[in-house]
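Colleague: One file: upload_6.pdb (PDB, C-alpha atoms and all ligand atoms).
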ATOM      1  CA  MET A   1       0.000   0.000   0.000
ATOM      2  CA  LYS A   2       1.300   3.435  -0.996
ATOM      3  CA  ASP A   3       2.073   5.706   1.975
ATOM      4  CA  LYS A   4       0.245   8.959   2.554
ATOM      5  CA  PHE A   5       1.348  11.687   0.156
ATOM      6  CA  THR A   6       2.653  14.719   2.064
ATOM      7  CA  VAL A   7       4.413  18.026   1.427
ATOM      8  CA  SER A   8       7.753  16.178   1.541
ATOM      9  CA  ASN A   9       6.594  14.020  -1.363
ATOM     10  CA  PHE A  10       5.914  17.216  -3.323
ATOM     11  CA  GLN A  11       9.566  18.195  -2.764
ATOM     12  CA  ASP A  12      10.834  14.650  -3.537
ATOM     13  CA  CYS A  13       8.922  14.646  -6.830
ATOM     14  CA  LYS A  14      10.409  18.019  -7.773
ATOM     15  CA  ARG A  15      13.928  16.769  -6.967
ATOM     16  CA  ASN A  16      13.501  13.472  -8.806
ATOM     17  CA  GLY A  17      11.597  14.840 -11.792
ATOM     18  CA  LYS A  18       8.515  12.718 -11.022
ATOM     19  CA  LYS A  19       5.262  14.345 -12.135
ATOM     20  CA  ILE A  20       2.730  15.154  -9.417
ATOM     21  CA  THR A  21      -0.893  14.217 -10.135
ATOM     22  CA  MET A  22      -3.760  16.217  -8.694
ATOM     23  CA  LEU A  23      -7.489  16.478  -9.385
ATOM     24  CA  THR A  24     -10.315  18.316  -7.704
ATOM     25  CA  ALA A  25     -12.978  16.465  -5.720
ATOM     26  CA  TYR A  26     -15.848  17.777  -3.645
ATOM     27  CA  ASP A  27     -17.532  14.677  -2.216
ATOM     28  CA  TYR A  28     -16.860  11.336  -0.508
ATOM     29  CA  PRO A  29     -17.422   8.834  -3.362
ATOM     30  CA  THR A  30     -15.346  10.785  -5.892
ATOM     31  CA  ALA A  31     -12.502  11.259  -3.407
ATOM     32  CA  LYS A  32     -12.583   7.554  -2.514
ATOM     33  CA  ILE A  33     -12.363   6.422  -6.135
ATOM     34  CA  MET A  34      -9.545   8.895  -6.840
ATOM     35  CA  ASP A  35      -7.659   7.840  -3.735
ATOM     36  CA  GLU A  36      -7.977   4.167  -4.684
ATOM     37  CA  SER A  37      -6.839   5.014  -8.230
ATOM     38  CA  GLY A  38      -3.502   6.369  -7.028
ATOM     39  CA  ILE A  39      -3.862  10.148  -7.314
ATOM     40  CA  ASP A  40      -1.177  12.012  -5.332
ATOM     41  CA  ALA A  41      -3.231  14.965  -4.155
ATOM     42  CA  ILE A  42      -6.865  16.066  -4.146
ATOM     43  CA  LEU A  43      -7.857  19.701  -4.324
ATOM     44  CA  VAL A  44     -11.142  20.726  -2.749
ATOM     45  CA  GLY A  45     -11.249  23.638  -5.151
ATOM     46  CA  ASP A  46     -13.586  26.575  -4.878
ATOM     47  CA  SER A  47     -14.466  25.636  -8.455
ATOM     48  CA  LEU A  48     -17.146  23.704  -6.563
ATOM     49  CA  GLY A  49     -19.054  26.991  -6.664
ATOM     50  CA  MET A  50     -19.526  26.510 -10.399
ATOM     51  CA  VAL A  51     -19.465  22.764 -10.976
ATOM     52  CA  VAL A  52     -21.384  21.635  -7.869
ATOM     53  CA  LEU A  53     -23.336  24.627  -6.547
ATOM     54  CA  GLY A  54     -24.294  26.193  -9.873
ATOM     55  CA  TYR A  55     -22.932  29.724  -9.346
ATOM     56  CA  GLU A  56     -21.576  31.593 -12.370
ATOM     57  CA  ASP A  57     -18.117  31.979 -10.793
ATOM     58  CA  THR A  58     -16.240  31.211  -7.573
ATOM     59  CA  THR A  59     -16.864  34.513  -5.770
ATOM     60  CA  ARG A  60     -20.013  33.314  -3.965
ATOM     61  CA  VAL A  61     -18.344  30.351  -2.249
ATOM     62  CA  THR A  62     -18.168  30.625   1.550
ATOM     63  CA  MET A  63     -15.894  29.239   4.247
ATOM     64  CA  ASP A  64     -18.795  27.038   5.413
ATOM     65  CA  ASP A  65     -19.098  25.587   1.895
ATOM     66  CA  MET A  66     -15.373  24.768   1.852
ATOM     67  CA  VAL A  67     -15.408  23.185   5.323
ATOM     68  CA  HIS A  68     -18.481  21.083   4.456
ATOM     69  CA  HIS A  69     -16.997  19.690   1.223
ATOM     70  CA  THR A  70     -13.531  19.216   2.733
ATOM     71  CA  LYS A  71     -14.989  16.992   5.469
ATOM     72  CA  ALA A  72     -16.617  14.762   2.845
ATOM     73  CA  VAL A  73     -13.437  14.495   0.753
ATOM     74  CA  VAL A  74     -11.253  13.785   3.783
ATOM     75  CA  ARG A  75     -13.603  10.942   4.812
ATOM     76  CA  GLY A  76     -13.017   9.341   1.415
ATOM     77  CA  THR A  77      -9.246   9.718   1.404
ATOM     78  CA  LYS A  78      -6.591   7.453   2.889
ATOM     79  CA  LYS A  79      -3.407   8.247   0.956
ATOM     80  CA  ALA A  80      -3.834  11.315  -1.209
ATOM     81  CA  MET A  81      -2.968  14.690   0.292
ATOM     82  CA  VAL A  82      -6.047  16.902   0.593
ATOM     83  CA  VAL A  83      -5.529  20.594  -0.153
ATOM     84  CA  THR A  84      -8.447  23.020   0.242
ATOM     85  CA  ASP A  85      -8.977  26.419  -1.351
ATOM     86  CA  LEU A  86      -9.389  29.464   0.838
ATOM     87  CA  PRO A  87     -12.432  31.077  -0.798
ATOM     88  CA  PHE A  88     -12.870  34.630  -2.080
ATOM     89  CA  LEU A  89     -12.186  37.337   0.556
ATOM     90  CA  SER A  90     -11.302  34.831   3.279
ATOM     91  CA  TYR A  91      -7.634  35.971   3.313
ATOM     92  CA  HIS A  92      -7.880  39.659   2.423
ATOM     93  CA  LYS A  93      -9.051  41.237   5.650
ATOM     94  CA  GLY A  94      -5.931  40.898   7.753
ATOM     95  CA  ILE A  95      -3.499  38.260   8.911
ATOM     96  CA  TYR A  96      -5.627  37.217  11.889
ATOM     97  CA  GLU A  97      -8.597  36.329   9.698
ATOM     98  CA  SER A  98      -6.408  34.576   7.093
ATOM     99  CA  VAL A  99      -4.824  32.346   9.724
ATOM    100  CA  SER A 100      -8.181  31.681  11.424
ATOM    101  CA  ASN A 101      -9.813  30.678   8.153
ATOM    102  CA  ALA A 102      -6.892  28.470   7.118
ATOM    103  CA  GLY A 103      -7.100  26.938  10.614
ATOM    104  CA  ARG A 104     -10.801  26.163  10.181
ATOM    105  CA  LEU A 105     -10.095  24.256   6.956
ATOM    106  CA  VAL A 106      -7.462  22.142   8.715
ATOM    107  CA  CYS A 107      -9.066  21.731  12.173
ATOM    108  CA  GLU A 108     -12.737  21.408  11.157
ATOM    109  CA  GLY A 109     -12.341  20.211   7.574
ATOM    110  CA  GLY A 110      -9.358  17.919   8.076
ATOM    111  CA  CYS A 111      -7.287  18.971   5.023
ATOM    112  CA  LYS A 112      -3.489  18.985   5.194
ATOM    113  CA  ALA A 113      -2.803  22.243   3.329
ATOM    114  CA  VAL A 114      -4.585  25.284   1.930
ATOM    115  CA  LYS A 115      -4.368  27.027  -1.419
ATOM    116  CA  LEU A 116      -4.804  30.733  -2.020
ATOM    117  CA  GLU A 117      -4.653  32.944  -5.080
ATOM    118  CA  GLY A 118      -2.242  35.819  -5.694
ATOM    119  CA  GLY A 119       1.412  36.759  -5.237
ATOM    120  CA  GLU A 120       2.896  39.901  -3.733
ATOM    121  CA  ASP A 121      -0.477  41.041  -2.320
ATOM    122  CA  VAL A 122      -0.904  37.942  -0.171
ATOM    123  CA  ILE A 123       2.713  37.342   0.859
ATOM    124  CA  GLU A 124       2.177  38.365   4.494
ATOM    125  CA  ASP A 125      -0.794  35.991   4.696
ATOM    126  CA  VAL A 126       1.261  33.121   3.238
ATOM    127  CA  LYS A 127       4.024  33.772   5.792
ATOM    128  CA  ALA A 128       1.599  33.921   8.721
ATOM    129  CA  ILE A 129      -0.359  30.801   7.713
ATOM    130  CA  THR A 130       2.879  28.858   7.169
ATOM    131  CA  ARG A 131       4.256  30.091  10.516
ATOM    132  CA  ALA A 132       1.078  28.749  12.114
ATOM    133  CA  GLY A 133       2.026  25.292  10.810
ATOM    134  CA  ILE A 134      -0.303  25.120   7.806
ATOM    135  CA  PRO A 135       1.326  24.366   4.434
ATOM    136  CA  VAL A 136       0.310  26.817   1.695
ATOM    137  CA  MET A 137       0.004  26.215  -2.038
ATOM    138  CA  GLY A 138       0.056  29.379  -4.169
ATOM    139  CA  HIS A 139      -1.972  30.005  -7.330
ATOM    140  CA  LEU A 140      -0.838  32.386 -10.107
ATOM    141  CA  GLY A 141      -1.677  33.200 -13.712
ATOM    142  CA  TYR A 142      -5.422  33.107 -14.276
ATOM    143  CA  THR A 143      -6.784  33.286 -10.734
ATOM    144  CA  PRO A 144     -10.541  32.592 -10.916
ATOM    145  CA  GLN A 145     -11.428  34.662  -7.825
ATOM    146  CA  SER A 146     -10.282  37.752  -9.801
ATOM    147  CA  VAL A 147     -12.584  36.988 -12.740
ATOM    148  CA  ASN A 148     -14.193  40.430 -12.387
ATOM    149  CA  ILE A 149     -10.768  42.123 -12.642
ATOM    150  CA  PHE A 150      -9.683  40.008 -15.632
ATOM    151  CA  GLY A 151     -13.055  40.448 -17.352
ATOM    152  CA  GLY A 152     -13.447  36.729 -18.063
ATOM    153  CA  HIS A 153     -11.485  33.521 -18.280
ATOM    154  CA  LYS A 154      -8.289  34.594 -20.093
ATOM    155  CA  ALA A 155      -4.714  33.290 -20.295
ATOM    156  CA  GLN A 156      -2.260  35.395 -18.288
ATOM    157  CA  GLY A 157       1.459  36.082 -18.750
ATOM    158  CA  LYS A 158       1.392  36.665 -22.494
ATOM    159  CA  THR A 159       3.148  40.039 -22.324
ATOM    160  CA  ILE A 160       6.638  40.816 -20.986
ATOM    161  CA  GLU A 161       5.182  42.742 -18.045
ATOM    162  CA  THR A 162       2.633  40.100 -17.000
ATOM    163  CA  ALA A 163       5.082  37.219 -17.475
ATOM    164  CA  LYS A 164       7.625  39.076 -15.305
ATOM    165  CA  LYS A 165       4.979  39.667 -12.648
ATOM    166  CA  ILE A 166       4.001  35.977 -12.508
ATOM    167  CA  TYR A 167       7.683  34.939 -12.314
ATOM    168  CA  LYS A 168       8.457  37.403  -9.507
ATOM    169  CA  ASP A 169       5.278  36.451  -7.626
ATOM    170  CA  ALA A 170       6.216  32.753  -7.863
ATOM    171  CA  LEU A 171       9.649  33.473  -6.366
ATOM    172  CA  MET A 172       8.059  35.582  -3.609
ATOM    173  CA  LEU A 173       5.611  32.784  -2.756
ATOM    174  CA  GLN A 174       8.494  30.331  -2.574
ATOM    175  CA  ASP A 175      10.467  32.678  -0.282
ATOM    176  CA  ALA A 176       7.367  33.169   1.880
ATOM    177  CA  GLY A 177       7.220  29.407   2.509
ATOM    178  CA  ALA A 178       4.728  28.089  -0.076
ATOM    179  CA  PHE A 179       5.371  24.392  -0.758
ATOM    180  CA  ALA A 180       4.035  24.486  -4.348
ATOM    181  CA  VAL A 181       2.373  26.861  -6.756
ATOM    182  CA  VAL A 182      -0.422  26.333  -9.279
ATOM    183  CA  LEU A 183       0.137  28.052 -12.631
ATOM    184  CA  GLU A 184      -3.210  28.430 -14.396
ATOM    185  CA  CYS A 185      -3.505  29.301 -18.094
ATOM    186  CA  VAL A 186       0.035  30.609 -18.417
ATOM    187  CA  PRO A 187       1.702  30.197 -21.871
ATOM    188  CA  HIS A 188       3.584  26.901 -21.801
ATOM    189  CA  LYS A 189       7.012  28.455 -22.451
ATOM    190  CA  VAL A 190       6.547  30.909 -19.582
ATOM    191  CA  ALA A 191       5.357  28.104 -17.304
ATOM    192  CA  LYS A 192       8.311  25.925 -18.310
ATOM    193  CA  TYR A 193      10.733  28.766 -17.581
ATOM    194  CA  ILE A 194       9.208  29.524 -14.179
ATOM    195  CA  SER A 195       9.039  25.822 -13.221
ATOM    196  CA  SER A 196      12.714  25.404 -14.077
ATOM    197  CA  LYS A 197      13.667  28.360 -11.829
ATOM    198  CA  LEU A 198      11.663  27.279  -8.785
ATOM    199  CA  ASP A 199      12.816  24.905  -6.055
ATOM    200  CA  ILE A 200       9.169  24.160  -5.228
ATOM    201  CA  PRO A 201       6.942  22.288  -7.694
ATOM    202  CA  ALA A 202       4.785  24.208 -10.150
ATOM    203  CA  ILE A 203       1.471  22.456 -10.771
ATOM    204  CA  GLY A 204       0.031  23.383 -14.140
ATOM    205  CA  ILE A 205      -3.515  23.728 -15.368
ATOM    206  CA  GLY A 206      -3.624  24.918 -18.944
ATOM    207  CA  SER A 207       0.083  25.728 -18.700
ATOM    208  CA  GLY A 208       1.720  22.982 -20.746
ATOM    209  CA  ALA A 209       3.453  19.706 -20.038
ATOM    210  CA  MET A 210       6.669  21.050 -18.557
ATOM    211  CA  CYS A 211       5.257  21.938 -15.144
ATOM    212  CA  ASP A 212       6.191  19.612 -12.277
ATOM    213  CA  GLY A 213       2.651  18.277 -12.038
ATOM    214  CA  GLN A 214      -0.864  18.755 -13.355
ATOM    215  CA  VAL A 215      -4.252  19.525 -11.843
ATOM    216  CA  LEU A 216      -7.676  19.477 -13.518
ATOM    217  CA  VAL A 217     -11.275  19.944 -12.428
ATOM    218  CA  VAL A 218     -12.850  16.487 -12.150
ATOM    219  CA  HIS A 219     -16.213  17.561 -13.591
ATOM    220  CA  ASP A 220     -14.394  18.617 -16.790
ATOM    221  CA  ILE A 221     -12.597  15.289 -17.247
ATOM    222  CA  ILE A 222     -15.755  13.234 -16.695
ATOM    223  CA  GLY A 223     -18.114  15.431 -18.706
ATOM    224  CA  MET A 224     -20.297  16.406 -15.753
ATOM    225  CA  PHE A 225     -19.971  20.169 -16.310
ATOM    226  CA  ARG A 226     -21.767  20.839 -19.549
ATOM    227  CA  GLU A 227     -21.961  24.658 -19.541
ATOM    228  CA  PHE A 228     -18.578  24.922 -21.313
ATOM    229  CA  THR A 229     -15.425  22.848 -21.770
ATOM    230  CA  PRO A 230     -12.204  24.766 -21.125
ATOM    231  CA  LYS A 231      -9.564  24.451 -23.888
ATOM    232  CA  HIS A 232      -7.008  23.136 -21.405
ATOM    233  CA  THR A 233      -8.946  20.112 -20.220
ATOM    234  CA  LYS A 234      -9.361  16.563 -21.534
ATOM    235  CA  LYS A 235     -12.666  14.716 -21.328
ATOM    236  CA  TYR A 236     -11.922  11.052 -20.504
ATOM    237  CA  VAL A 237     -15.540   9.930 -20.220
ATOM    238  CA  ASP A 238     -18.935  11.505 -20.855
ATOM    239  CA  MET A 239     -20.736  10.840 -17.608
ATOM    240  CA  GLY A 240     -23.038  13.790 -18.251
ATOM    241  CA  ASN A 241     -24.489  12.010 -21.286
ATOM    242  CA  ALA A 242     -24.488   8.661 -19.469
ATOM    243  CA  LEU A 243     -26.475  10.235 -16.609
ATOM    244  CA  GLU A 244     -28.886  11.923 -19.005
ATOM    245  CA  ASN A 245     -29.525   8.637 -20.848
ATOM    246  CA  SER A 246     -30.006   6.769 -17.563
ATOM    247  CA  VAL A 247     -32.511   9.333 -16.294
ATOM    248  CA  ARG A 248     -34.441   9.242 -19.599
ATOM    249  CA  SER A 249     -34.590   5.428 -19.479
ATOM    250  CA  TYR A 250     -35.701   5.442 -15.828
ATOM    251  CA  VAL A 251     -38.442   7.961 -16.536
ATOM    252  CA  SER A 252     -39.825   5.929 -19.439
ATOM    253  CA  ASP A 253     -39.521   2.633 -17.490
ATOM    254  CA  VAL A 254     -41.574   4.090 -14.608
ATOM    255  CA  VAL A 255     -44.137   5.710 -16.870
ATOM    256  CA  GLU A 256     -44.528   2.529 -18.963
ATOM    257  CA  GLY A 257     -44.589   0.288 -15.889
ATOM    258  CA  SER A 258     -41.535  -1.765 -16.843
ATOM    259  CA  PHE A 259     -39.827  -0.797 -13.577
ATOM    260  CA  PRO A 260     -39.898  -2.008 -10.855
ATOM    261  CA  THR A 261     -40.307  -5.693 -11.654
ATOM    262  CA  GLU A 262     -40.814  -8.554  -9.180
ATOM    263  CA  LYS A 263     -37.035  -8.856  -9.037
ATOM    264  CA  ASN A 264     -36.862  -5.413  -7.442
ATOM    265  CA  SER A 265     -39.679  -6.084  -4.953
ATOM    266  CA  PHE A 266     -40.103  -7.816  -1.582
ATOM    267  CA  THR A 267     -42.510 -10.755  -1.090
ATOM    268  CA  VAL A 268     -44.973 -11.491   1.714
ATOM    269  CA  GLU A 269     -47.203 -14.452   2.679
ATOM    270  CA  ASP A 270     -50.819 -14.224   1.423
ATOM    271  CA  GLU A 271     -52.058 -14.398   5.035
ATOM    272  CA  VAL A 272     -50.674 -10.906   5.639
ATOM    273  CA  ILE A 273     -52.817  -9.522   2.839
ATOM    274  CA  ASP A 274     -55.821 -11.529   4.099
ATOM    275  CA  ALA A 275     -55.314  -9.990   7.527
ATOM    276  CA  LEU A 276     -55.249  -6.505   6.036
ATOM    277  CA  ASP A 277     -58.442  -7.266   4.152
ATOM    278  CA  LYS A 278     -60.176  -8.587   7.281
ATOM    279  CA  LEU A 279     -59.717  -5.180   8.902
ATOM    280  CA  GLY A 280     -62.541  -4.087   6.607
ATOM    281  CA  LEU A 281     -61.203  -0.549   6.406
TER     282      LEU A 281
HETATM  283  O1  LIG B 301     -10.777  25.709  -7.661
HETATM  284  C1  LIG B 301     -10.130  24.990  -8.427
HETATM  285  O2  LIG B 301     -10.600  23.960  -8.918
HETATM  286  C2  LIG B 301      -8.765  25.393  -8.753
HETATM  287  C3  LIG B 301      -8.104  24.682  -9.887
HETATM  288  C4  LIG B 301      -8.624  25.265 -11.139
HETATM  289  C5  LIG B 301      -6.634  24.728  -9.798
HETATM  290  O3  LIG B 301      -8.241  26.273  -8.161
END
Will you turn the file into structure tokens for me?
Ligand code: KIV

Modeller:
Amino acid sequence: MKDKFTVSNFQDCKRNGKKITMLTAYDYPTAKIMDESGIDAILVGDSLGMVVLGYEDTTRVTMDDMVHHTKAVVRGTKKAMVVTDLPFLSYHKGIYESVSNAGRLVCEGGCKAVKLEGGEDVIEDVKAITRAGIPVMGHLGYTPQSVNIFGGHKAQGKTIETAKKIYKDALMLQDAGAFAVVLECVPHKVAKYISSKLDIPAIGIGSGAMCDGQVLVVHDIIGMFREFTPKHTKKYVDMGNALENSVRSYVSDVVEGSFPTEKNSFTVEDEVIDALDKLGL
């Protein structure tokens, strides 16, 4: 049996050039299947706001939402390392609140690390959370909580200025104690360059194959989020269609009376029915 994956394994993988595998999960059965399938780390991403709760972006997700889903994922996980997102505005109102919220995710939720978005602006929060004993994963490039600043889902780091900013932010996160950094929708050559300069692993999403690991949103890879399919993802199975077909078949079976059959029912002795009848009600 594989041992539990921890922050030291993130560093070992970086040193040995072994790719780190990570996917999001938001519930017990998904986490359990992923864990049993050998994933290294599971992210309870605030993408749950869109793919599970039906919001248009991640800005409506609350700390309570993240704690609730983290508990379910942790219950389904034996070996994979669970990392949970600090949601929008939960680490922007001062160090005390950032550390308290990160603490809630670990103490109540049971995750082993937290992820937050941003570079220079959140460096003091990263330092304080790490000092409190909670490992922090950074997140740069396209940071979904800033969707209203970016004006939509757009690749970041395509100009000299923005690429420089992402590079410097990644180094600052590393110096502040982050154990890894997600690079989202960063041009693959920029991501490759930054990954090669960092001592901590860079986990890519839409940032090419040369990052130290990859993360994707599970609903995208299984076809359960049908609103849109991001360019950077890969659909391995269409469970959305499978679910739709199953529901359609169930509905027509029930309406036509072909389900349930005797096989799906429980039997009883005739005397029980006779007794009911004798009540004369
Ligand atoms: O919330 C999330 O799922 C994420 C990934 C996109 C990295 O942050």

Colleague: Counting all atoms listed in the file, which residue out of A:Tyr142, A:Tyr91, A:Tyr28, A:Tyr96 sits closest to ligand LIG 301 (chain B)?

Modeller: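 With all atoms listed in the file as the atom set, the closest residue is A:Tyr142.
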
Colleague: When you look at region 68-83 of chain A with a cut-off of 8 Å (counting all atoms listed in the file), what residues show up, excluding the ones that are within fewer than 2 positions of it in the same chain? I need them as a PyMOL selection string.

Modeller: chain A and resi 2-6+25-32+35+38-44+64-66+85+105+108-115

Colleague: Taking all atoms of ligand LIG 301 (chain B) that the file lists, what box with edges along x, y and z, padded by 5 Å per side, do you get, with centre and edge lengths in Å to one decimal, as AutoDock Vina command-line options?

Modeller:
--center_x -8.7 --center_y 25.1 --center_z -9.4 --size_x 14.1 --size_y 12.3 --size_z 13.5

Colleague: Pick out the closest residue to ligand LIG 301 (chain B) from this set: A:Ala178, A:Val218, A:Met34, A:Ile273. Count all atoms listed in the file.

Modeller: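 So, comparing all the options, the nearest one is A:Val218.
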
Colleague: Can I get the residues close to ligand LIG 301 (chain B) as a ChimeraX atom specification, where close means within 8 Å and we count all atoms listed in the file?

Modeller: /A:24,43-48,58,85,115,139,143-144,182,184,205,215-217

Colleague: Near Pro201 (chain A), within 6 Å and counting all atoms listed in the file, which residues show up once chain neighbours fewer than 4 positions away are dropped, as a ChimeraX atom specification?

Modeller: /A:14,180,212

Colleague: Got a sec: who's within 8 Å of Gly157 (chain A), counting all atoms listed in the file, leaving out chain neighbours fewer than 2 positions off, as JSON, numbers by chain?

Modeller: {"A": [141, 155, 159, 160, 161, 162, 163, 164, 165, 166, 186, 187, 190]}

Colleague: Keeping only C-alpha atoms, write the selected residues as a PDB file, in the coordinates of the input.

Modeller:
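This went into part17.pdb:
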ATOM      1  CA  GLY A 141      -1.677  33.200 -13.712  1.00  0.00           C
ATOM      2  CA  ALA A 155      -4.714  33.290 -20.295  1.00  0.00           C
ATOM      3  CA  THR A 159       3.148  40.039 -22.324  1.00  0.00           C
ATOM      4  CA  ILE A 160       6.638  40.816 -20.986  1.00  0.00           C
ATOM      5  CA  GLU A 161       5.182  42.742 -18.045  1.00  0.00           C
ATOM      6  CA  THR A 162       2.633  40.100 -17.000  1.00  0.00           C
ATOM      7  CA  ALA A 163       5.082  37.219 -17.475  1.00  0.00           C
ATOM      8  CA  LYS A 164       7.625  39.076 -15.305  1.00  0.00           C
ATOM      9  CA  LYS A 165       4.979  39.667 -12.648  1.00  0.00           C
ATOM     10  CA  ILE A 166       4.001  35.977 -12.508  1.00  0.00           C
ATOM     11  CA  VAL A 186       0.035  30.609 -18.417  1.00  0.00           C
ATOM     12  CA  PRO A 187       1.702  30.197 -21.871  1.00  0.00           C
ATOM     13  CA  VAL A 190       6.547  30.909 -19.582  1.00  0.00           C
TER      14      VAL A 190
END

Colleague: Step by step, work through what the PyMOL selection byres (((chain A and resi 234-241) around 9) and not hetatm) selects in the shown file, and finish by giving those residues as a ChimeraX atom specification.

Modeller: /A:216,219-226,229-233,242-246

Colleague: Quick one: which residues end up in the PyMOL selection byres (((chain A and resi 203) around 6) and not hetatm) for this structure, as a VMD selection string?

Modeller: chain A and resid 182 202 204 211 to 214

Colleague: Keeping only C-alpha atoms, write the selected residues as a short mmCIF file (atom, residue, chain, number, x, y, z; two decimals), in the coordinates of the input.

Modeller:
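The new file selection-v5.cif reads:
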data_model
loop_
_atom_site.label_atom_id
_atom_site.label_comp_id
_atom_site.auth_asym_id
_atom_site.auth_seq_id
_atom_site.Cartn_x
_atom_site.Cartn_y
_atom_site.Cartn_z
CA VAL A 182 -0.42 26.33 -9.28
CA ALA A 202 4.78 24.21 -10.15
CA GLY A 204 0.03 23.38 -14.14
CA CYS A 211 5.26 21.94 -15.14
CA ASP A 212 6.19 19.61 -12.28
CA GLY A 213 2.65 18.28 -12.04
CA GLN A 214 -0.86 18.76 -13.36
#

Colleague: Taking all atoms listed in the file into account, which of A:Glu227, A:Thr21, A:Val67, A:Leu276 comes nearest Asn9 (chain A)?

Modeller: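 Of all the options, A:Thr21 lies closest to Asn9 (chain A).
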
Colleague: Taking the structure I provided as the source, export region 126-131 of chain A with all heavy atoms, as a compact mmCIF listing (two decimals), in the first residue's frame.

Modeller:
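Written out: result34.txt:
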# COMPACT_ATOMS: atom_id res chain seq x y z
N VAL A 126 0.58 34.41 3.45
CA VAL A 126 1.26 33.12 3.24
C VAL A 126 2.26 32.87 4.37
O VAL A 126 2.32 31.78 4.94
CB VAL A 126 1.98 33.10 1.86
CG1 VAL A 126 2.82 31.83 1.70
CG2 VAL A 126 0.96 33.21 0.73
N LYS A 127 3.03 33.93 4.71
CA LYS A 127 4.02 33.77 5.79
C LYS A 127 3.34 33.41 7.10
O LYS A 127 3.77 32.50 7.82
CB LYS A 127 4.80 35.08 5.97
CG LYS A 127 5.84 35.34 4.90
CD LYS A 127 6.61 36.60 5.26
CE LYS A 127 7.56 36.99 4.14
NZ LYS A 127 8.01 38.36 4.23
N ALA A 128 2.26 34.14 7.42
CA ALA A 128 1.60 33.92 8.72
C ALA A 128 0.95 32.54 8.79
O ALA A 128 1.04 31.85 9.81
CB ALA A 128 0.56 35.01 8.96
N ILE A 129 0.32 32.12 7.71
CA ILE A 129 -0.36 30.80 7.71
C ILE A 129 0.70 29.69 7.84
O ILE A 129 0.54 28.74 8.59
CB ILE A 129 -1.22 30.62 6.44
CG1 ILE A 129 -2.36 31.65 6.41
CG2 ILE A 129 -1.79 29.21 6.35
CD1 ILE A 129 -3.11 31.74 5.09
N THR A 130 1.81 29.86 7.10
CA THR A 130 2.88 28.86 7.17
C THR A 130 3.48 28.83 8.58
O THR A 130 3.74 27.75 9.12
CB THR A 130 3.98 29.19 6.13
OG1 THR A 130 3.36 29.43 4.88
CG2 THR A 130 4.98 28.07 5.99
N ARG A 131 3.70 30.02 9.15
CA ARG A 131 4.26 30.09 10.52
C ARG A 131 3.35 29.38 11.51
O ARG A 131 3.79 28.81 12.49
CB ARG A 131 4.41 31.56 10.94
CG ARG A 131 5.83 32.09 10.82
CD ARG A 131 6.04 33.34 11.69
NE ARG A 131 4.97 34.31 11.60
CZ ARG A 131 4.93 35.33 10.74
NH1 ARG A 131 5.91 35.50 9.88
NH2 ARG A 131 3.92 36.17 10.74
